[in-house]
Amino acid sequence: MTERLSDRVAGSSPLEAITVYFRPSVLVVILLGFSSGLPLALTGTTLSVWMTESGVNLGTIGLFSLVGLPYTLKFLWAPVVDAIDVPVLSRLLGRRRGWLLATQIALVFAILFLGFQNPSSAPFAVALGAVILAAVSATQDIVVDAFRVERLDTSEQAAGMAGYVAAYRIGMLVSGAGVIAIVAVIETMDIARDKAWMWGYVAAALCMAVGMLATFLAREPEPPARRDAAAGEGALSRVFATAYGAFAEFLSRPNAVTILLFVLLYKFSDAFAGVLTAPFVIALGFDKATYAAIVKGVGLAAALLGGFAGGALARSMSLVTCLWIGGILQMTSNLAFSAQAIIGVNVPFLTGAIIVENFCGAIGTVVFVAYLSALCGARQHTATQYALLTALTAVGRTFLASGGGFIAEATGWPLFFAITALAGIPGLMLLAYLQARRHFSGF
C-alpha cells in the first residue's frame, strides 16, 4: 500500500460522503453484508438461548462455541474459491457471483436442517447441523470478502466497509433478536417450544433471499490475472499452487508473524464476552422479550451509529490511530456488563450497557475490517489471504473463548466480564510494537 487510507478520500464533500452509500456497488456490498451476518447468530447467540431454554448446562453451551471451527479453518479451502469455478453457475454469472449463489442456496438448506433438530433430545444432530451451517456460512464469507475487496474502488472502500459492517450487524440482529422474538410470539399461541424454534429458523432461511437478490443485482468484478495452467494440470494442482502463492506472498512480508498474532488478538476481548452475553442476560433474570427489545433492538441503532462512526474515523484519521481508538473502546465497554451483573435486573441500565457495547464494538469492527482489507494487496490471492486473516479472528470466538462458560461458573459474572476486558491488553501491546516498527507507515 502506497497511500494512507485517510488520503484516499481527502477532499470529499459532506454530500459526497453521504451519496457514496447509494452507489450501486456499495449498495450491493451492504446487502451482501446482511447475508454474511445472518447465519452467524443461528449457531451462536440464538442457538445458545435455544439450548438454555432446553435445559442444556452452561458448560456445554460454552463448548458449543467450537461449532464455529469452520470460521477458523476456512483459509484451508479458500484457495478453492480463488482457483476453481462453480460448474454452470460461474459460467452463467461469473466466478465470484457463481460462488455467491451456490453458497446462499446451500445456506437455506443448512438453516432448515438445524431448525428441525432438538437440543435436548438430539444434541449430536444439533452439533452436526451447526457445524454444517457454519462451514457453508464461512464459505460465503470467503466469497463476499473477496467480492467486496475486488469490486469497490478506493473512493468507495470506507463507505463500503461501514455499510457492510452495519448490515452484517443487522443480519446478526435479525437472526438473533428477530428469531427470538418470533419464537416468543409463536409460544404465546400455545405452540410447543420445539415447533416455535423450528419456525424461527424457517423465517431465518427465508431472509437469505436478500443475499440472493444482491447476487443477481451485482456486477462481476474484473477477474485478476491468473496463473497460466500447465498442460494437463488438474483442479487440485491449481488449488495447491494458489494456496502456496497466497501464503508465500504474505509470509514474505516484514513482521508477518507479529501481524498474524495481532489479527488473532485484536478482537479477542470482544469475542470472549460475546460468547456468553445472551446466556448472561437470560440467567440474570431478563425474559426473552426484553432481550429481543433491548439487547438487540435498541442495540441495533447503537451498532449502526457505531459502524458509521467507524467509517468516519477511517476516512479522516490514520489507520493506526483508528485501531487504537477501536481497541480501547471495545475492551473497556465490557466493564458495563460487570456493572450490570452487580446491579442485577435493571432495564434502564441494561439499555445503556447494550448501547455502549454495540457502539464501541461496531467502531472496532469497521476499523479492523479496514485494516484487513488493506493487508490484502495481492489481488490474485484476495479470497485466500482475507480468509486466512478473518479465520484468525474467529479463533478468539472458538478455541480461545470456548472455556468462557467454565470461567464464568468459577468466577461469577462481574469478575468474568472484567477478565474479558483485560483480555484486550495483549492485542494493544502488539499494536504498539507494530507501530514502533513502522508497519502502518504505508497505510
# chains A, B, ... in the order shown; residues from 1 in each chain; ligands from 1

call {"tool": "residues_around", "arguments": {"residues": "Pro123 (chain A)", "least_positions_apart": "6", "cutoff": "10 Å", "atoms": "only C-alpha atoms", "output": "VMD selection string"}}
result
chain A and resid 51 56 117 129

call {"tool": "write_last_selection", "arguments": {"atoms": "C-alpha atoms", "output": "mmCIF file, in the first residue's frame"}}
result
data_model
loop_
_atom_site.group_PDB
_atom_site.id
_atom_site.type_symbol
_atom_site.label_atom_id
_atom_site.label_comp_id
_atom_site.auth_asym_id
_atom_site.auth_seq_id
_atom_site.Cartn_x
_atom_site.Cartn_y
_atom_site.Cartn_z
ATOM 1 C CA MET A 51 -30.141 -24.541 24.373
ATOM 2 C CA VAL A 56 -28.569 -27.622 28.478
ATOM 3 C CA GLN A 117 -33.432 -30.577 15.361
ATOM 4 C CA GLY A 129 -26.311 -29.102 11.827
#

call {"tool": "residues_around", "arguments": {"residues": "Leu305 (chain A)", "least_positions_apart": "5", "cutoff": "9 Å", "atoms": "only C-alpha atoms", "output": "ChimeraX atom specification"}}
result
/A:166,300,310,359,362-363

call {"tool": "write_last_selection", "arguments": {"atoms": "C-alpha atoms", "output": "short mmCIF file (atom, residue, chain, number, x, y, z; two decimals), in the first residue's frame"}}
result
data_model
loop_
_atom_site.label_atom_id
_atom_site.label_comp_id
_atom_site.auth_asym_id
_atom_site.auth_seq_id
_atom_site.Cartn_x
_atom_site.Cartn_y
_atom_site.Cartn_z
CA ALA A 166 -23.62 -2.19 9.74
CA LEU A 300 -29.28 -2.05 16.52
CA GLY A 310 -16.02 3.87 12.45
CA PHE A 359 -21.50 1.32 19.58
CA ALA A 362 -19.05 -1.57 15.78
CA ILE A 363 -16.33 1.08 15.70
#

call {"tool": "residues_around", "arguments": {"residues": "region 31-39 of chain A", "least_positions_apart": "6", "cutoff": "7 Å", "atoms": "only C-alpha atoms", "output": "PDB file with N, CA and C atoms, in the first residue's frame"}}
result
ATOM      1  N   SER A 137     -21.567 -21.073   5.834  1.00  0.00           N
ATOM      2  CA  SER A 137     -21.518 -19.643   6.101  1.00  0.00           C
ATOM      3  C   SER A 137     -20.101 -19.101   5.950  1.00  0.00           C
ATOM      4  N   GLN A 140     -19.377 -18.694   2.323  1.00  0.00           N
ATOM      5  CA  GLN A 140     -19.982 -17.476   1.796  1.00  0.00           C
ATOM      6  C   GLN A 140     -19.154 -16.253   2.186  1.00  0.00           C
ATOM      7  N   ASP A 141     -18.661 -16.213   3.426  1.00  0.00           N
ATOM      8  CA  ASP A 141     -17.835 -15.096   3.871  1.00  0.00           C
ATOM      9  C   ASP A 141     -16.582 -14.952   3.008  1.00  0.00           C
ATOM     10  N   VAL A 144     -17.799 -13.327  -0.259  1.00  0.00           N
ATOM     11  CA  VAL A 144     -18.245 -11.948  -0.087  1.00  0.00           C
ATOM     12  C   VAL A 144     -17.064 -11.017   0.177  1.00  0.00           C
ATOM     13  N   TYR A 164     -21.133  -2.328   5.026  1.00  0.00           N
ATOM     14  CA  TYR A 164     -21.042  -3.780   5.142  1.00  0.00           C
ATOM     15  C   TYR A 164     -21.135  -4.216   6.603  1.00  0.00           C
ATOM     16  N   VAL A 165     -20.349  -3.572   7.466  1.00  0.00           N
ATOM     17  CA  VAL A 165     -20.344  -3.963   8.876  1.00  0.00           C
ATOM     18  C   VAL A 165     -21.695  -3.672   9.525  1.00  0.00           C
ATOM     19  N   ALA A 167     -24.628  -3.583   8.012  1.00  0.00           N
ATOM     20  CA  ALA A 167     -25.574  -4.586   7.508  1.00  0.00           C
ATOM     21  C   ALA A 167     -25.285  -5.961   8.104  1.00  0.00           C
ATOM     22  N   TYR A 168     -24.015  -6.257   8.319  1.00  0.00           N
ATOM     23  CA  TYR A 168     -23.638  -7.523   8.963  1.00  0.00           C
ATOM     24  C   TYR A 168     -24.255  -7.603  10.353  1.00  0.00           C
ATOM     25  N   ARG A 169     -24.169  -6.486  11.086  1.00  0.00           N
ATOM     26  CA  ARG A 169     -24.764  -6.457  12.415  1.00  0.00           C
ATOM     27  C   ARG A 169     -26.280  -6.590  12.351  1.00  0.00           C
ATOM     28  N   ILE A 170     -26.890  -5.974  11.336  1.00  0.00           N
ATOM     29  CA  ILE A 170     -28.332  -6.104  11.170  1.00  0.00           C
ATOM     30  C   ILE A 170     -28.706  -7.553  10.896  1.00  0.00           C
ATOM     31  N   GLY A 171     -27.907  -8.216  10.050  1.00  0.00           N
ATOM     32  CA  GLY A 171     -28.153  -9.625   9.780  1.00  0.00           C
ATOM     33  C   GLY A 171     -28.082 -10.461  11.042  1.00  0.00           C
ATOM     34  N   MET A 172     -27.083 -10.184  11.884  1.00  0.00           N
ATOM     35  CA  MET A 172     -26.972 -10.897  13.160  1.00  0.00           C
ATOM     36  C   MET A 172     -28.145 -10.590  14.074  1.00  0.00           C
ATOM     37  N   VAL A 174     -31.185  -9.715  13.140  1.00  0.00           N
ATOM     38  CA  VAL A 174     -32.382 -10.365  12.611  1.00  0.00           C
ATOM     39  C   VAL A 174     -32.413 -11.836  13.000  1.00  0.00           C
ATOM     40  N   SER A 175     -31.277 -12.523  12.846  1.00  0.00           N
ATOM     41  CA  SER A 175     -31.235 -13.947  13.188  1.00  0.00           C
ATOM     42  C   SER A 175     -31.091 -14.164  14.689  1.00  0.00           C
ATOM     43  N   MET A 208     -32.546 -15.291   3.600  1.00  0.00           N
ATOM     44  CA  MET A 208     -31.421 -15.437   2.683  1.00  0.00           C
ATOM     45  C   MET A 208     -31.764 -14.905   1.298  1.00  0.00           C
ATOM     46  N   VAL A 210     -32.422 -11.998   0.606  1.00  0.00           N
ATOM     47  CA  VAL A 210     -31.747 -10.701   0.477  1.00  0.00           C
ATOM     48  C   VAL A 210     -30.391 -10.873  -0.194  1.00  0.00           C
ATOM     49  N   GLY A 211     -29.632 -11.861   0.253  1.00  0.00           N
ATOM     50  CA  GLY A 211     -28.328 -12.118  -0.345  1.00  0.00           C
ATOM     51  C   GLY A 211     -28.434 -12.563  -1.790  1.00  0.00           C
ATOM     52  N   ALA A 214     -28.994  -9.592  -3.965  1.00  0.00           N
ATOM     53  CA  ALA A 214     -27.745  -8.852  -4.163  1.00  0.00           C
ATOM     54  C   ALA A 214     -26.872  -9.527  -5.211  1.00  0.00           C
TER      55      ALA A 214
END

call {"tool": "closest_residue", "arguments": {"among": "A:Arg437, A:Arg91, A:Arg193, A:Lys74", "to": "Thr139 (chain A)", "atoms": "only C-alpha atoms"}}
result
A:Lys74

call {"tool": "atom_distance", "arguments": {"atom1": "CA of Thr365 (chain A)", "atom2": "CA of Ala271 (chain A)"}}
result
11.1 Å

call {"tool": "residues_around", "arguments": {"residues": "Gln340 (chain A)", "least_positions_apart": "4", "cutoff": "9 Å", "atoms": "only C-alpha atoms", "output": "PyMOL selection string"}}
result
chain A and resi 335-336+344-346+349-350+353+414

call {"tool": "atom_distance", "arguments": {"atom1": "CA of Ala432 (chain A)", "atom2": "CA of Gln330 (chain A)"}}
result
16.7 Å
